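Quick look at upload.json (JSON, C-alpha atoms):
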[["chain", "number", "residue", "atom", "x", "y", "z"],
["S", 1, "MET", "CA", 96.35, -123.59, 10.48],
["S", 2, "SER", "CA", 93.22, -122.06, 11.96],
["S", 3, "ARG", "CA", 91.85, -118.68, 10.95],
["S", 4, "ASP", "CA", 90.78, -116.10, 13.48],
["S", 5, "ARG", "CA", 87.02, -115.83, 13.75],
["S", 6, "VAL", "CA", 86.40, -112.12, 13.17],
["S", 7, "ALA", "CA", 82.98, -110.58, 13.73],
["S", 8, "LEU", "CA", 81.64, -107.10, 13.19],
["S", 9, "PHE", "CA", 79.20, -105.48, 15.60],
["S", 10, "PRO", "CA", 77.83, -102.47, 13.72],
["S", 11, "ALA", "CA", 75.66, -99.80, 15.34],
["S", 12, "SER", "CA", 75.31, -96.04, 15.51],
["S", 13, "PHE", "CA", 76.23, -96.02, 19.23],
["S", 14, "ASP", "CA", 74.38, -92.71, 19.66],
["S", 15, "PRO", "CA", 74.75, -93.19, 22.56],
["S", 16, "MET", "CA", 76.52, -96.39, 23.51],
["S", 17, "THR", "CA", 74.50, -98.28, 26.11],
["S", 18, "ASN", "CA", 75.15, -101.06, 28.59],
["S", 19, "GLY", "CA", 73.12, -103.24, 26.21],
["S", 20, "HIS", "CA", 75.74, -102.62, 23.50],
["S", 21, "LEU", "CA", 78.50, -103.43, 25.98],
["S", 22, "ASP", "CA", 76.72, -106.64, 26.98],
["S", 23, "ILE", "CA", 76.59, -107.79, 23.34],
["S", 24, "ILE", "CA", 80.24, -106.81, 22.83],
["S", 25, "HIS", "CA", 81.46, -108.79, 25.84],
["S", 26, "ARG", "CA", 79.28, -111.81, 25.05],
["S", 27, "SER", "CA", 80.53, -111.78, 21.43],
["S", 28, "LEU", "CA", 84.10, -112.18, 22.68],
["S", 29, "HIS", "CA", 83.09, -115.58, 24.12],
["S", 30, "VAL", "CA", 82.29, -116.74, 20.57],
["S", 31, "PHE", "CA", 84.71, -114.86, 18.32],
["S", 32, "ASP", "CA", 88.48, -114.35, 18.43],
["S", 33, "ARG", "CA", 88.30, -110.72, 17.37],
["S", 34, "LEU", "CA", 85.50, -108.19, 17.30],
["S", 35, "ILE", "CA", 85.29, -105.07, 15.20],
["S", 36, "VAL", "CA", 83.03, -102.52, 16.84],
["S", 37, "GLY", "CA", 81.92, -100.62, 13.77],
["S", 38, "LEU", "CA", 80.37, -97.23, 14.21],
["S", 39, "ALA", "CA", 78.00, -97.00, 11.27],
["S", 40, "HIS", "CA", 78.15, -93.44, 10.00],
["S", 41, "ASN", "CA", 75.03, -92.37, 8.15],
["S", 42, "VAL", "CA", 75.85, -89.17, 6.29],
["S", 43, "ALA", "CA", 72.13, -88.44, 5.78],
["S", 44, "LYS", "CA", 71.45, -88.45, 9.51],
["S", 45, "SER", "CA", 72.76, -86.14, 12.21],
["S", 46, "GLY", "CA", 73.20, -87.71, 15.60],
["S", 47, "THR", "CA", 73.32, -86.38, 19.12],
["S", 48, "PHE", "CA", 77.07, -86.99, 19.18],
["S", 49, "THR", "CA", 79.57, -86.55, 16.37],
["S", 50, "VAL", "CA", 81.32, -89.62, 15.00],
["S", 51, "GLU", "CA", 84.51, -88.49, 16.77],
["S", 52, "GLU", "CA", 82.69, -88.12, 20.11],
["S", 53, "ARG", "CA", 81.16, -91.59, 19.79],
["S", 54, "LEU", "CA", 84.52, -93.14, 18.86],
["S", 55, "ASP", "CA", 86.11, -91.39, 21.84],
["S", 56, "MET", "CA", 83.47, -92.73, 24.25],
["S", 57, "LEU", "CA", 83.74, -96.26, 22.83],
["S", 58, "GLY", "CA", 87.53, -96.16, 23.20],
["S", 59, "ALA", "CA", 87.36, -94.81, 26.74],
["S", 60, "VAL", "CA", 84.81, -97.38, 27.91],
["S", 61, "LEU", "CA", 86.20, -100.43, 26.10],
["S", 62, "GLY", "CA", 89.82, -99.63, 26.95],
["S", 63, "ASP", "CA", 92.81, -101.32, 25.37],
["S", 64, "ASN", "CA", 91.54, -104.77, 24.52],
["S", 65, "ASP", "CA", 93.68, -106.28, 21.77],
["S", 66, "ARG", "CA", 90.72, -108.41, 20.65],
["S", 67, "ILE", "CA", 88.54, -105.35, 19.96],
["S", 68, "GLU", "CA", 89.02, -102.90, 17.11],
["S", 69, "ILE", "CA", 86.93, -99.73, 17.15],
["S", 70, "THR", "CA", 86.36, -97.94, 13.87],
["S", 71, "ALA", "CA", 83.81, -95.92, 11.91],
["S", 72, "PHE", "CA", 82.60, -96.80, 8.44],
["S", 73, "GLU", "CA", 80.28, -95.53, 5.73],
["S", 74, "GLY", "CA", 78.59, -97.38, 2.92],
["S", 75, "LEU", "CA", 77.37, -100.93, 2.62],
["S", 76, "LEU", "CA", 77.93, -103.21, 5.58],
["S", 77, "VAL", "CA", 78.99, -106.14, 3.38],
["S", 78, "ASP", "CA", 81.61, -103.98, 1.66],
["S", 79, "PHE", "CA", 83.02, -103.02, 5.05],
["S", 80, "CYS", "CA", 83.04, -106.71, 6.06],
["S", 81, "ARG", "CA", 85.05, -107.52, 2.97],
["S", 82, "ARG", "CA", 87.55, -104.70, 3.61],
["S", 83, "SER", "CA", 87.93, -105.48, 7.33],
["S", 84, "GLY", "CA", 88.09, -109.27, 7.10],
["S", 85, "ALA", "CA", 84.93, -109.86, 9.16],
["S", 86, "SER", "CA", 82.99, -112.94, 8.12],
["S", 87, "THR", "CA", 80.16, -112.54, 10.64],
["S", 88, "VAL", "CA", 77.87, -109.67, 11.55],
["S", 89, "ILE", "CA", 76.53, -109.53, 15.12],
["S", 90, "ARG", "CA", 73.09, -108.01, 15.61],
["S", 91, "GLY", "CA", 71.43, -107.52, 18.96],
["S", 92, "LEU", "CA", 67.69, -108.13, 19.22],
["S", 93, "ARG", "CA", 65.32, -106.72, 21.83],
["S", 94, "ALA", "CA", 61.89, -107.54, 20.38],
["S", 95, "MET", "CA", 60.10, -109.19, 17.48],
["S", 96, "SER", "CA", 60.05, -105.87, 15.64],
["S", 97, "ASP", "CA", 63.88, -105.83, 15.79],
["S", 98, "TYR", "CA", 63.93, -109.37, 14.44],
["S", 99, "GLU", "CA", 61.72, -108.59, 11.45],
["S", 100, "TYR", "CA", 63.88, -105.63, 10.42],
["S", 101, "GLU", "CA", 67.18, -107.42, 11.08],
["S", 102, "PHE", "CA", 66.02, -110.58, 9.30],
["S", 103, "GLU", "CA", 65.30, -108.61, 6.12],
["S", 104, "MET", "CA", 68.68, -106.86, 6.38],
["S", 105, "ALA", "CA", 70.46, -110.18, 6.92],
["S", 106, "LEU", "CA", 68.81, -111.64, 3.82],
["S", 107, "MET", "CA", 69.81, -108.64, 1.72],
["S", 108, "ASN", "CA", 73.38, -108.76, 3.07],
["S", 109, "LYS", "CA", 73.54, -112.50, 2.30],
["S", 110, "HIS", "CA", 72.39, -111.77, -1.25],
["S", 111, "LEU", "CA", 75.04, -109.05, -1.65],
["S", 112, "ASN", "CA", 77.81, -111.15, -0.11],
["S", 113, "PRO", "CA", 77.11, -114.87, 0.47],
["S", 114, "GLU", "CA", 80.34, -115.16, 2.49],
["S", 115, "VAL", "CA", 78.99, -113.01, 5.34],
["S", 116, "GLU", "CA", 76.87, -114.68, 8.03],
["S", 117, "THR", "CA", 74.64, -112.85, 10.50],
["S", 118, "VAL", "CA", 74.37, -113.95, 14.11],
["S", 119, "PHE", "CA", 71.50, -112.63, 16.21],
["S", 120, "MET", "CA", 72.09, -112.23, 19.94],
["S", 121, "MET", "CA", 69.17, -111.66, 22.24],
["S", 122, "ALA", "CA", 69.53, -108.68, 24.52],
["S", 123, "SER", "CA", 69.94, -109.57, 28.16],
["S", 124, "GLN", "CA", 66.71, -109.19, 30.07],
["S", 125, "GLU", "CA", 67.73, -106.00, 31.87],
["S", 126, "TYR", "CA", 68.29, -104.22, 28.53],
["S", 127, "LEU", "CA", 65.24, -105.38, 26.56],
["S", 128, "TYR", "CA", 63.50, -102.01, 26.74],
["S", 129, "VAL", "CA", 66.54, -99.73, 26.47],
["S", 130, "SER", "CA", 66.76, -97.60, 23.35],
["S", 131, "SER", "CA", 68.80, -94.51, 22.58],
["S", 132, "SER", "CA", 65.71, -92.40, 21.94],
["S", 133, "ARG", "CA", 64.21, -93.35, 25.32],
["S", 134, "LEU", "CA", 67.50, -92.62, 27.07],
["S", 135, "LYS", "CA", 67.81, -89.20, 25.43],
["S", 136, "GLU", "CA", 64.25, -88.36, 26.42],
["S", 137, "LEU", "CA", 64.93, -89.40, 30.02],
["S", 138, "VAL", "CA", 68.03, -87.20, 30.16],
["S", 139, "ARG", "CA", 66.22, -84.20, 28.64],
["S", 140, "PHE", "CA", 63.66, -84.42, 31.44],
["S", 141, "GLY", "CA", 66.20, -85.01, 34.20],
["S", 142, "GLY", "CA", 65.60, -88.76, 34.57],
["S", 143, "LYS", "CA", 68.12, -91.25, 35.86],
["S", 144, "VAL", "CA", 69.95, -93.29, 33.19],
["S", 145, "SER", "CA", 72.89, -94.64, 35.19],
["S", 146, "ASP", "CA", 71.49, -98.19, 35.03],
["S", 147, "PHE", "CA", 71.58, -98.11, 31.24],
["S", 148, "VAL", "CA", 74.80, -96.35, 30.19],
["S", 149, "PRO", "CA", 78.39, -96.16, 31.46],
["S", 150, "PRO", "CA", 79.13, -93.14, 33.72],
["S", 151, "LEU", "CA", 81.11, -91.33, 31.00],
["S", 152, "VAL", "CA", 78.20, -91.64, 28.56],
["S", 153, "GLU", "CA", 75.73, -90.36, 31.16],
["S", 154, "LYS", "CA", 77.98, -87.37, 31.83],
["S", 155, "ARG", "CA", 78.28, -86.57, 28.12],
["S", 156, "LEU", "CA", 74.54, -87.02, 27.56],
["S", 157, "ARG", "CA", 73.79, -84.56, 30.36],
["S", 158, "GLU", "CA", 76.32, -82.06, 28.97],
["S", 159, "LYS", "CA", 74.79, -82.35, 25.51],
["S", 160, "LEU", "CA", 71.09, -82.50, 26.36],
["S", 161, "GLN", "CA", 70.96, -80.44, 29.57],
["S", 162, "PRO", "CA", 73.46, -77.66, 28.86],
["S", 163, "ASN", "CA", 72.02, -75.45, 31.60],
["S", 164, "GLY", "CA", 71.10, -78.27, 33.98]]
For the file at hand, write its structure as structure tokens.
Amino acid sequence: MSRDRVALFPASFDPMTNGHLDIIHRSLHVFDRLIVGLAHNVAKSGTFTVEERLDMLGAVLGDNDRIEITAFEGLLVDFCRRSGASTVIRGLRAMSDYEYEFEMALMNKHLNPEVETVFMMASQEYLYVSSSRLKELVRFGGKVSDFVPPLVEKRLREKLQPNG
């Protein structure tokens, strides 16, 4: 009897980008099920509320029975244990991402040796996309349609250009 390979892709998704979606879809080629985990940091206020981010993720990802969308607080390895995920997916854009993620993966491995971390390189067209850059572009009226789904662009403009 084979076990489903369940992975967790945690991120703040503030906002969700096409780079996130790329990692999500590519992960489904490797894993049977994917938990898209919205990491909720209570010490940090985002552009969008947790509920708004969950709503956008659900709207964009649709009803895929291989994807579960949920929010979580606390330690990543504790959430992995509760959710049944044995692998954490982390997207990398640059060496600076790798250094940070490598340290986190080592700490997570120390906290829970059963959890593996898989690094996926961002696709070339998303290497330089970050949420802070996207928000800055929107604030100044720049075009972000190449980097986020239409719904996310609409919500970003509503949130960051209320009179625009």
Residues at most 10 Å from Asn112 of chain S, counting all atoms listed in the file, excluding those fewer than 5 positions away in the same chain, as a PDB file with C-alpha atoms, keeping the file's coordinate frame?
ATOM      1  CA  LEU S  76      77.930-103.210   5.580  1.00  0.00           C
ATOM      2  CA  VAL S  77      78.990-106.140   3.380  1.00  0.00           C
ATOM      3  CA  ASP S  78      81.610-103.980   1.660  1.00  0.00           C
ATOM      4  CA  CYS S  80      83.040-106.710   6.060  1.00  0.00           C
ATOM      5  CA  ARG S  81      85.050-107.520   2.970  1.00  0.00           C
ATOM      6  CA  SER S  86      82.990-112.940   8.120  1.00  0.00           C
ATOM      7  CA  LEU S 106      68.810-111.640   3.820  1.00  0.00           C
ATOM      8  CA  MET S 107      69.810-108.640   1.720  1.00  0.00           C
TER       9      MET S 107
END
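Across the model, the gap from atom CA of His20 of chain S to atom CA of Glu51 of chain S is 17.9 Å.
With all atoms listed in the file as the atoms that count, the residue of S:Gly37, S:Gly141, S:Pro149, S:Gly84 with the shortest distance to Leu21 of chain S is S:Pro149.
Relative to atom CA of Arg90 of chain S, atom CA of Met121 of chain S is found at 8.5 Å.
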For His29 of chain S, please output as a ChimeraX atom specification all residues within 12 Å (counting only C-alpha atoms; exclusion window: fewer than 5 positions along the same chain). /S:5-7,22-24,34,66
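A straight line drawn from atom CA of Ala11 of chain S to atom CA of Leu151 of chain S is 18.6 Å long.
The nearest approach to Asn41 of chain S among the residues S:Ser27, S:Asp14, S:Gly74, S:Gly58, with only C-alpha atoms taken into account, belongs to S:Gly74.
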Measuring between only C-alpha atoms, which one of S:Ala94, S:Met120, S:Val50, S:Val152 shows the shortest distance to Ile69 of chain S? S:Val50
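Near Asn108 of chain S, within a cut-off of 10 Å and counting all atoms listed in the file, sit the residues Leu75, Leu76, Val77, Asp78, Val88, Phe102, Glu114, Val115, Glu116 and Thr117 of chain S, with same-chain residues fewer than 6 positions away left out.
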Reconstructed segment 26-37 of chain S, atom set N, CA and C atoms, as an mmCIF file, in the frame of the given file:
data_model
loop_
_atom_site.group_PDB
_atom_site.id
_atom_site.type_symbol
_atom_site.label_atom_id
_atom_site.label_comp_id
_atom_site.auth_asym_id
_atom_site.auth_seq_id
_atom_site.Cartn_x
_atom_site.Cartn_y
_atom_site.Cartn_z
ATOM 1 N N ARG S 26 79.760 -110.455 25.346
ATOM 2 C CA ARG S 26 79.280 -111.810 25.050
ATOM 3 C C ARG S 26 79.825 -112.303 23.703
ATOM 4 N N SER S 27 79.980 -111.402 22.743
ATOM 5 C CA SER S 27 80.530 -111.780 21.430
ATOM 6 C C SER S 27 81.959 -112.296 21.552
ATOM 7 N N LEU S 28 82.705 -111.741 22.504
ATOM 8 C CA LEU S 28 84.100 -112.180 22.680
ATOM 9 C C LEU S 28 84.203 -113.601 23.218
ATOM 10 N N HIS S 29 83.096 -114.167 23.704
ATOM 11 C CA HIS S 29 83.090 -115.580 24.120
ATOM 12 C C HIS S 29 82.975 -116.502 22.907
ATOM 13 N N VAL S 30 82.540 -115.947 21.769
ATOM 14 C CA VAL S 30 82.290 -116.740 20.570
ATOM 15 C C VAL S 30 83.326 -116.483 19.480
ATOM 16 N N PHE S 31 83.818 -115.252 19.401
ATOM 17 C CA PHE S 31 84.710 -114.860 18.320
ATOM 18 C C PHE S 31 86.081 -114.477 18.868
ATOM 19 N N ASP S 32 87.113 -114.673 18.032
ATOM 20 C CA ASP S 32 88.480 -114.350 18.430
ATOM 21 C C ASP S 32 88.722 -112.849 18.465
ATOM 22 N N ARG S 33 88.142 -112.173 17.470
ATOM 23 C CA ARG S 33 88.300 -110.720 17.370
ATOM 24 C C ARG S 33 86.957 -110.106 17.050
ATOM 25 N N LEU S 34 86.743 -108.893 17.552
ATOM 26 C CA LEU S 34 85.500 -108.190 17.300
ATOM 27 C C LEU S 34 85.803 -106.786 16.814
ATOM 28 N N ILE S 35 85.200 -106.441 15.698
ATOM 29 C CA ILE S 35 85.290 -105.070 15.200
ATOM 30 C C ILE S 35 84.012 -104.371 15.631
ATOM 31 N N VAL S 36 84.159 -103.350 16.435
ATOM 32 C CA VAL S 36 83.030 -102.520 16.840
ATOM 33 C C VAL S 36 82.972 -101.413 15.803
ATOM 34 N N GLY S 37 81.993 -101.524 14.911
ATOM 35 C CA GLY S 37 81.920 -100.620 13.770
ATOM 36 C C GLY S 37 80.843 -99.568 13.954
#
